[in-house]
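J.: I have a structure I would like to understand better, so I am pasting it below and will then ask my questions one at a time.
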Amino acid sequence: MTAPPPHGERNASEEAAPLILDVKGNSLDDGPGIRSVVFFKGCPLTCVWCHNPESKKAAAELAYDAGACTGCETCLTACEKGALDRNLPGYVDRQACDRCFACAAVCPSGALERVGLERSVDEITASILKDKPFFDTSGGGVTFSGGEPTLFPSFLGRLAESIKRAGVHTLLETCGFFDGERFAALVLPHLDTIYFDLKLFDRAAHRRFCGLPNDVLIDNFLTLADLAHRGAIELLPRIPLVPEITATEANIAAWAEFLARHHWGEVKLLAYNPLWPEKVAKIGEDNSLAGQDGMQTWMPAEEVARLEDVFHRAGIATL
Amino acid sequence: MVFFQTTPAGEASSDRAHGKSAIQWVVKLLLRLMAASFNYRPTLRKNLKSDQGWINFTVGICTRSRSVEAAIQFKQGRLSVLHTIPTDAEIVLVFKSDAAVRKFLTATPTEQVHMILQNDFYTVGNASYLNLFVYCLSLLLNKKQIRMMQKERRQDRKKLARAAPEAKPHLSEELQARRETRLTGARVDPGVLFLEDPYLSAYGLENFPRVAAFLDAHFETRAEVCPELPKLVTDWHKIHGYETDAEGRPWHPVLRKAHCYKHTMENRHPIIHANDLIAGTTTTKDIGVVVYPEGHGTMIWGELLTVPHRSLNPYDVAAETRQLLHHEVFPYWANRNFKEWVRRKYDNPLGQQIDERWAVYFNWKSVTISHTIPDFPKILRLGAKGIIAEIEAELTADVDDPDKTATRRAMILCLEGLMAYAANLARQAAAEALETEDPVRREELEHLARVCEQVVARPARTLDEAVNAVWITWVGLHMESTNAGLSLGRLDQWLQPYFEADMACLDGLEDREAYVKHAIELIGCFMMRCTDHLPLTPDFANYYFGGSSSDQAITLGGVTPEGEDAVNDMTYIFLKVTEMLSIRDPNVNARCHLGKNSDTYLKRLCEVNLTTAATPSMHNDETIWASLAEFDYATEDLRNWSATGCVEPTLSGKHMGHTNFQMISLVAALEMALNDGRHPLMDWKIGPDTGRVEDSTFQTFDQFFDAFEKQMGFLIKQSIAYNEMLARAHQEIRPTPMLSTLIDDCIRDGQDVTRGGARYNSSGAACIGLADVTDSLLVVKKLVFEEGKVSFADLKQAIDTNFENDPALHAMITRKIPFFGSGRTEAVAMANRVTRFVHDSYGRHPHYRGGRYTAGFWSMSNHVAYGTLSGALPSGRLKGKPFTPGLTPQPAASNNLLDNLRDVAALDPGNMNNNIAFNVKVVPGAGEPRDKTVNTMFSYVKTYFQLGGMQMQMNVVTSAMLRDAMAHPENYRNLLVRISGYNAYFVTLNRDMQLELIERAEYGL
């Protein structure tokens, strides 16, 4: 594999403990069967449409949910920085806030919340294994998602190992931006399946919308595809359909040509959903795309079918 | 009778004590107007006379403070207004305050129903006369009442139409579309001998036009009150006497009942419903409402003129039927029914007074016992003649005991009556055959005539005979006692031998396929036939138990008495019919034994659940057995259990388990513990002194739990005392010798089931609000006693003010407390602590027929009714909101369904020996393939069972769909929903129940 990505330049001993956003049980959309999904916080990419905007930064953040707030103002007494202000549209002055989370600790309703918690491998494993009987009956398991779990290859590897040792199926959802060698050494042996997200084929467009060019992830994809061809891993490329960004005729056709050229027979298209702009507001991210009209509606099934057809014509099945 | 024994001193409202208020004069004026109308208008006056003479009674009206007091006396056809209420007044309406009297005078009939539930007034005395008084008022006012009801309905429709003007056909069509895709199943179950595709995916309702027409009629036909049974029963008693026979000798109750029963069966109309494959009907109407005058029949007296016009569950009442019931039937039974027998004999006992305030418990023996499973295999195997031979043998062997002899004679009379009815049906079928032009129908009728000549007198030989024998027996049992909860049992097991015998006679594949189709049609006809009767429900019951039918449970699957896999061809045939019909009743329950039953079977249950949106209810055999392990039930009998009414286990054919003897609110006890024994809505200090929260009585959580236990123990004791009194009433008024012939060991012991003749005896309670109580106790324990975040007095203050001044406390409770269903062990431990206490409290009380009292945690629809009658709770549930259905965790507990499933599965079955109802609302993802949806449902159920879960039932609907159905009911006539244990059509429910279903947590599939 090629050069390590700039954000991942750490060795195992230096790797910081990741923050976990959430461990979501009973997920039916992140792989086969009934699954638990571990959401890591932090991602090397900065995709403008990111559906989990709270997962972009690796550091803990303060979220404010205006709908849950009862206006009791207990938080005002807890904040030493004067960073909370009713007159601000998002309540939190993000410049003044030093993320001590004292306000979240006293908030009775959970309207103010710390996003991202340090959790140990053992603790996560134990909480997940409560649902093992459901994984077993349904053919489900555990999915690592984020954020980008491979930002923390050592932790991810230990977690995946601990879960797999308990006889549970493991699946990674990745943007593909990782140090291939460390990934191969630390993580890959403990995975059953990888869902690999492909976004923009055009290198410049990828840099513009996702913050980095796509060379690393294309290299990583081809390496994994090679392993998959030899039966060493199960791999599924997925393409998130974002109106006028990834869901263009040209981009889809380019990926179809690419996959066909590398003898890859199936792909999954993820229809756009408009649930993320609300999350952007909660963490106070500045994102002009979130407010645009085109981002507020579900993608019609006909549009998805039209794009799937592009793959079908290239001899590639869509799942 | 003392009217004011229940009004504690010092608790009277602010009305001037003993001074009369202005409203007093209004009341008297209105009563005088009423008296004048009846006294001077002969057309009205004639209503005061029954066929036995003038109806004499007195009705008192007063407030608790006596600021209002008046009475109206009906005597020898004259009405007069009295200034004081005579002590022997039949019925007194006691109003909370002057304001309540004022409100009552201008209220619509529906508002008056709510007033009685809300305890704005209560009654003391004979309820029949209250209903007669209401009828007399309605004779004066019915035109106005009907206009008010119509206006109310119009306004309601307008409001809904404003809220959702456009129907959403894509939602209603989605339900229909579920019928289009059908999975196929492999033949893996050893008991499936003939079905190549046990899922019978080739068949849909479109293949059975006869059944489809019945289904259509079921939705389009308006029910009508049937006069046949009350007339036959009343006429017989007028000739042959009730307390004493025609010669003046005291009747032996069981013989009186049997003679009357035989007369009824011989003389009722033998009706073959048009185009049906099943002979006989329960009533003379297409859909008949059965009136049992010795039960709760007189409850409908007050509504005889208005019942066709009410919003919920309207019935027609023909003018002749009304005249018959008012002049000939109800006056005869005004005192001769269960409730009034108890009231007179025990002088209006406290247990009865509490029951009649509605907010705490409801004892079903005021209506019926029913709730059991008759031994159908016996009558199929022996025929009525064979059973008579068995009884005669016992009669000759045991001649010394007059009670036993009378009981056995009574049983024979009943079976003779049943045979006479079947013989009449045979004659009727033959006569109709002669008159029929259509040769196909002629042949069917001739066949039916032959079937009815054979059964029920002689053993059944074919599936047609067996199904007809079950139905004729079923009709017979319903002519004996009220149609509420009597259940059909393991029909797949009991009919399979006849199906097999019929199939064995056929060689060709084509013939066999045709016969399978016939079997589906026959069972389709049978299940539709079961819908030909409805229970009699006064309007108040539409708010108390909305949408319920008779709850005739059928049980499928599980294991045989020998412990082997019991799933067979008939199991899948019943499932096919269940899927095609999607009807609320019969209530289909499916047993599952994980070690014995196949995944193919369990997946099929889930597929049927998906298609029908609500049925079957699924049970885990091994956990049910564990729940009954404390009893000395024989293993083969345990293995032969069936669900009764809603979900409750009964050992088929051997067990009188009156499994719904009461509905009781656990929350009422909690509210009483918070208020030193005073129930807030009733404004009545009935419970023991356990201390005031405000006085810092409770230093530890255990002290408070102890207070809860004392209040609950008090309520259980009172309700059981009332139950035992009602049980005596049943023994005197309505023994059930016909049922006794089909329950072991009544024949052998010469003892009626009402007196303990069954081999196994028990009575089961439905305890309501477990999740609400558990969560409330957790909040008190954690926030008050462990974390000290709020003082108990402040929490109490917040509850008393419905959290209106404490939004932050309310938010903290709902967001931060690990409720039951959140996956936290301490919540499960708390729920187990509550169930253990409740189970032990019931189990401790001696039971009048031998056996024990059992405790279940399901709620029919009373989690809604009791919710509207309860204040805010420490759990954060607000005043008047429904409790959760059955023992289902509240939506705030977790957004992960698996947390709910694990917590419910972790409950100790040993404390839940009358079963549970765990409702889960799941929603199939748009465009998901059917097999994926079914597999997910299957994974939930199977894993829940593996973890020890006892029962679960899924509603596969979205809240959006339910909202659309609420506003546009015309698109959803068959939208089936599980309330708690039973099914109902969503569009027939009252608004509170509809909203409760909408607000349930919803999980994607």
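In the structure tokens, each chain is lettered A, B, ... as it comes, each chain's residues begin at 1, and ligands are numbered from 1 in order of appearance.
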Report as a compact mmCIF listing (two decimals) with N, CA and C atoms, in the first residue's frame: the residues of region 164-205 of chain A with a DSSP assignment of strand (DSSP E or B), based on the backbone of this structure.

T.:
# COMPACT_ATOMS: atom_id res chain seq x y z
N HIS A 169 -19.65 -11.73 14.62
CA HIS A 169 -19.27 -11.23 13.29
C HIS A 169 -18.89 -9.75 13.38
N THR A 170 -17.76 -9.37 12.73
CA THR A 170 -17.31 -7.98 12.77
C THR A 170 -17.31 -7.37 11.38
N LEU A 171 -17.72 -6.12 11.32
CA LEU A 171 -17.83 -5.42 10.05
C LEU A 171 -17.33 -4.00 10.24
N LEU A 172 -16.52 -3.55 9.28
CA LEU A 172 -15.99 -2.17 9.35
C LEU A 172 -16.61 -1.34 8.23
N GLU A 173 -17.10 -0.17 8.61
CA GLU A 173 -17.49 0.81 7.60
C GLU A 173 -16.39 1.85 7.55
N THR A 174 -15.78 2.04 6.38
CA THR A 174 -14.61 2.93 6.31
C THR A 174 -14.68 3.84 5.09
N THR A 193 -15.95 -8.50 7.46
CA THR A 193 -16.49 -7.79 6.30
C THR A 193 -16.08 -6.32 6.36
N ILE A 194 -15.87 -5.73 5.18
CA ILE A 194 -15.59 -4.30 5.10
C ILE A 194 -16.57 -3.65 4.13
N TYR A 195 -17.23 -2.61 4.60
CA TYR A 195 -18.01 -1.76 3.70
C TYR A 195 -17.15 -0.54 3.40
N PHE A 196 -16.82 -0.37 2.14
CA PHE A 196 -15.84 0.64 1.75
C PHE A 196 -16.55 1.74 0.98
N ASP A 197 -16.54 2.95 1.54
CA ASP A 197 -17.30 4.03 0.90
C ASP A 197 -16.47 4.76 -0.16

J.: For region 45-52 of chain A, list every protein, DNA or RNA residue within 7 Å, evaluated using only C-alpha atoms, and leave out those in the same chain fewer than 5 positions away; present the list as a VMD selection string.

T.: chain A and resid 209 to 212 276

J.: Counting only C-alpha atoms, collect the residues of chain B whose closest atom lies at most 6 Å from chain A, and write them out as a VMD selection string.

T.: chain B and resid 808 811 to 812 815 896 939 943

J.: Would you pick out the contacts of Arg759 (chain B) at 6 Å or less, using only C-alpha atoms, so that residues sharing its chain but fewer than 2 positions from it are not included, and give the list as a list in words?

T.: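 Contacts, with the query itself left out: Lys654, Asp744 and Asp745 of chain B.
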
J.: With only C-alpha atoms as the counted atoms, please give the residues lying no more than 12 Å from Asp695 (chain B), apart from itself and same-chain residues fewer than 6 positions off, as number ranges by chain.

T.: B: 674-676, 791-794, 796

J.: Could the residues in this selection be saved with C-alpha atoms as a PDB file, in the first residue's frame?

T.:
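Writing done, so here's result.pdb:
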ATOM      1  CA  LEU B 674     -48.416   8.548  48.457  1.00  0.00           C
ATOM      2  CA  ASN B 675     -51.542   9.858  50.191  1.00  0.00           C
ATOM      3  CA  ASP B 676     -51.712   7.932  53.448  1.00  0.00           C
ATOM      4  CA  SER B 791     -36.917  15.688  48.728  1.00  0.00           C
ATOM      5  CA  PHE B 792     -39.837  13.314  48.851  1.00  0.00           C
ATOM      6  CA  ALA B 793     -42.120  16.180  49.851  1.00  0.00           C
ATOM      7  CA  ASP B 794     -41.000  18.235  46.853  1.00  0.00           C
ATOM      8  CA  LYS B 796     -44.921  14.776  45.981  1.00  0.00           C
TER       9      LYS B 796
END

J.: Go ahead and compute the interatomic distance for CA of Asp51 (chain B) and CA of Asn348 (chain B), in Å to one decimal.

T.: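 The value is 28.8 Å.
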
J.: Any idea what the distance is between CA of Ser37 (chain B) and CA of Lys49 (chain B)?

T.: 15.5 Å

J.: I'd like the contact shell of region 116-132 of chain B - 7 Å cut-off, only C-alpha atoms, skipping same-chain residues fewer than 4 positions apart - returned as a PyMOL selection string.

T.: chain B and resi 3+90-96+100+112+136+298-299+301-302+334+340+357-358+681-682+869

J.: Take the residues just selected and output them with C-alpha atoms as a PDB file, in the first residue's frame.

T.:
ATOM      1  CA  PHE B   3     -75.641   5.965  51.928  1.00  0.00           C
ATOM      2  CA  GLU B  90     -83.339   1.600  45.738  1.00  0.00           C
ATOM      3  CA  ILE B  91     -80.620   3.804  44.360  1.00  0.00           C
ATOM      4  CA  VAL B  92     -78.956   7.074  45.350  1.00  0.00           C
ATOM      5  CA  LEU B  93     -76.775   9.259  43.160  1.00  0.00           C
ATOM      6  CA  VAL B  94     -74.193  10.986  45.311  1.00  0.00           C
ATOM      7  CA  PHE B  95     -72.564  14.000  43.674  1.00  0.00           C
ATOM      8  CA  LYS B  96     -69.164  15.358  44.591  1.00  0.00           C
ATOM      9  CA  ALA B 100     -71.051  18.408  39.597  1.00  0.00           C
ATOM     10  CA  GLN B 112     -72.332  11.673  31.929  1.00  0.00           C
ATOM     11  CA  CYS B 136     -87.385   6.833  32.188  1.00  0.00           C
ATOM     12  CA  THR B 298     -79.990  -4.691  32.930  1.00  0.00           C
ATOM     13  CA  MET B 299     -76.910  -2.506  32.388  1.00  0.00           C
ATOM     14  CA  TRP B 301     -81.727  -0.678  30.249  1.00  0.00           C
ATOM     15  CA  GLY B 302     -80.944   3.016  30.353  1.00  0.00           C
ATOM     16  CA  ALA B 334     -83.728  -6.256  38.502  1.00  0.00           C
ATOM     17  CA  GLU B 340     -77.693  -7.303  43.419  1.00  0.00           C
ATOM     18  CA  ARG B 357     -66.202   3.541  41.848  1.00  0.00           C
ATOM     19  CA  TRP B 358     -64.354   2.221  38.742  1.00  0.00           C
ATOM     20  CA  LEU B 681     -59.684  10.729  42.398  1.00  0.00           C
ATOM     21  CA  MET B 682     -62.265   9.029  44.582  1.00  0.00           C
ATOM     22  CA  LEU B 869     -58.514   8.056  36.357  1.00  0.00           C
TER      23      LEU B 869
END

J.: I want to know what sits within 12 Å of Asp65 (chain A), based on only C-alpha atoms, with residues of the same chain fewer than 6 positions away left out; could you give that as a PDB file with N, CA and C atoms, in the first residue's frame?

T.:
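Dumped everything to around_9.pdb:
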ATOM      1  N   GLY A  71     -35.299  25.250  29.984  1.00  0.00           N
ATOM      2  CA  GLY A  71     -35.073  26.646  30.369  1.00  0.00           C
ATOM      3  C   GLY A  71     -34.853  26.830  31.859  1.00  0.00           C
ATOM      4  N   PRO A  89     -28.014  32.179  18.902  1.00  0.00           N
ATOM      5  CA  PRO A  89     -28.907  31.243  18.213  1.00  0.00           C
ATOM      6  C   PRO A  89     -28.684  29.779  18.649  1.00  0.00           C
ATOM      7  N   GLY A  90     -27.462  29.395  18.886  1.00  0.00           N
ATOM      8  CA  GLY A  90     -27.191  28.003  19.293  1.00  0.00           C
ATOM      9  C   GLY A  90     -26.924  27.876  20.780  1.00  0.00           C
ATOM     10  N   TYR A  91     -27.185  28.942  21.554  1.00  0.00           N
ATOM     11  CA  TYR A  91     -27.057  28.974  23.011  1.00  0.00           C
ATOM     12  C   TYR A  91     -25.603  28.977  23.490  1.00  0.00           C
ATOM     13  N   VAL A  92     -24.701  28.277  22.781  1.00  0.00           N
ATOM     14  CA  VAL A  92     -23.321  28.130  23.247  1.00  0.00           C
ATOM     15  C   VAL A  92     -22.403  29.065  22.446  1.00  0.00           C
ATOM     16  N   ALA A 104     -22.993  20.323  31.055  1.00  0.00           N
ATOM     17  CA  ALA A 104     -23.642  19.061  30.691  1.00  0.00           C
ATOM     18  C   ALA A 104     -23.853  18.196  31.928  1.00  0.00           C
ATOM     19  N   CYS A 107     -26.968  19.537  33.709  1.00  0.00           N
ATOM     20  CA  CYS A 107     -28.199  19.698  32.930  1.00  0.00           C
ATOM     21  C   CYS A 107     -29.177  18.569  33.228  1.00  0.00           C
ATOM     22  N   SER A 109     -32.068  17.819  31.860  1.00  0.00           N
ATOM     23  CA  SER A 109     -32.826  17.238  30.748  1.00  0.00           C
ATOM     24  C   SER A 109     -31.940  16.570  29.715  1.00  0.00           C
ATOM     25  N   GLY A 110     -30.626  16.780  29.809  1.00  0.00           N
ATOM     26  CA  GLY A 110     -29.749  16.247  28.782  1.00  0.00           C
ATOM     27  C   GLY A 110     -29.747  17.094  27.522  1.00  0.00           C
ATOM     28  N   ALA A 111     -30.281  18.311  27.597  1.00  0.00           N
ATOM     29  CA  ALA A 111     -30.269  19.193  26.425  1.00  0.00           C
ATOM     30  C   ALA A 111     -28.828  19.606  26.098  1.00  0.00           C
ATOM     31  N   LEU A 112     -28.044  19.854  27.134  1.00  0.00           N
ATOM     32  CA  LEU A 112     -26.610  20.059  26.962  1.00  0.00           C
ATOM     33  C   LEU A 112     -25.920  18.719  27.187  1.00  0.00           C
ATOM     34  N   GLU A 113     -25.116  18.330  26.224  1.00  0.00           N
ATOM     35  CA  GLU A 113     -24.576  16.985  26.322  1.00  0.00           C
ATOM     36  C   GLU A 113     -23.150  16.951  25.811  1.00  0.00           C
ATOM     37  N   ARG A 114     -22.343  16.192  26.484  1.00  0.00           N
ATOM     38  CA  ARG A 114     -20.985  15.970  25.989  1.00  0.00           C
ATOM     39  C   ARG A 114     -21.051  14.900  24.910  1.00  0.00           C
ATOM     40  N   VAL A 115     -20.500  15.234  23.751  1.00  0.00           N
ATOM     41  CA  VAL A 115     -20.484  14.278  22.648  1.00  0.00           C
ATOM     42  C   VAL A 115     -19.097  13.681  22.561  1.00  0.00           C
ATOM     43  N   GLU A 278     -30.082  18.855  10.786  1.00  0.00           N
ATOM     44  CA  GLU A 278     -30.499  19.101  12.165  1.00  0.00           C
ATOM     45  C   GLU A 278     -29.341  18.860  13.145  1.00  0.00           C
ATOM     46  N   LYS A 279     -28.536  17.826  12.850  1.00  0.00           N
ATOM     47  CA  LYS A 279     -27.408  17.509  13.729  1.00  0.00           C
ATOM     48  C   LYS A 279     -26.333  18.595  13.651  1.00  0.00           C
ATOM     49  N   VAL A 280     -26.191  19.172  12.477  1.00  0.00           N
ATOM     50  CA  VAL A 280     -25.210  20.246  12.290  1.00  0.00           C
ATOM     51  C   VAL A 280     -25.506  21.399  13.252  1.00  0.00           C
ATOM     52  N   ALA A 281     -26.808  21.722  13.345  1.00  0.00           N
ATOM     53  CA  ALA A 281     -27.221  22.824  14.212  1.00  0.00           C
ATOM     54  C   ALA A 281     -26.885  22.531  15.669  1.00  0.00           C
ATOM     55  N   LYS A 282     -27.090  21.259  16.089  1.00  0.00           N
ATOM     56  CA  LYS A 282     -26.892  20.911  17.502  1.00  0.00           C
ATOM     57  C   LYS A 282     -25.467  21.160  17.966  1.00  0.00           C
ATOM     58  N   ILE A 283     -24.501  20.847  17.105  1.00  0.00           N
ATOM     59  CA  ILE A 283     -23.114  21.018  17.565  1.00  0.00           C
ATOM     60  C   ILE A 283     -22.543  22.358  17.124  1.00  0.00           C
ATOM     61  N   GLY A 284     -23.392  23.177  16.499  1.00  0.00           N
ATOM     62  CA  GLY A 284     -22.977  24.527  16.151  1.00  0.00           C
ATOM     63  C   GLY A 284     -21.953  24.573  15.042  1.00  0.00           C
TER      64      GLY A 284
END
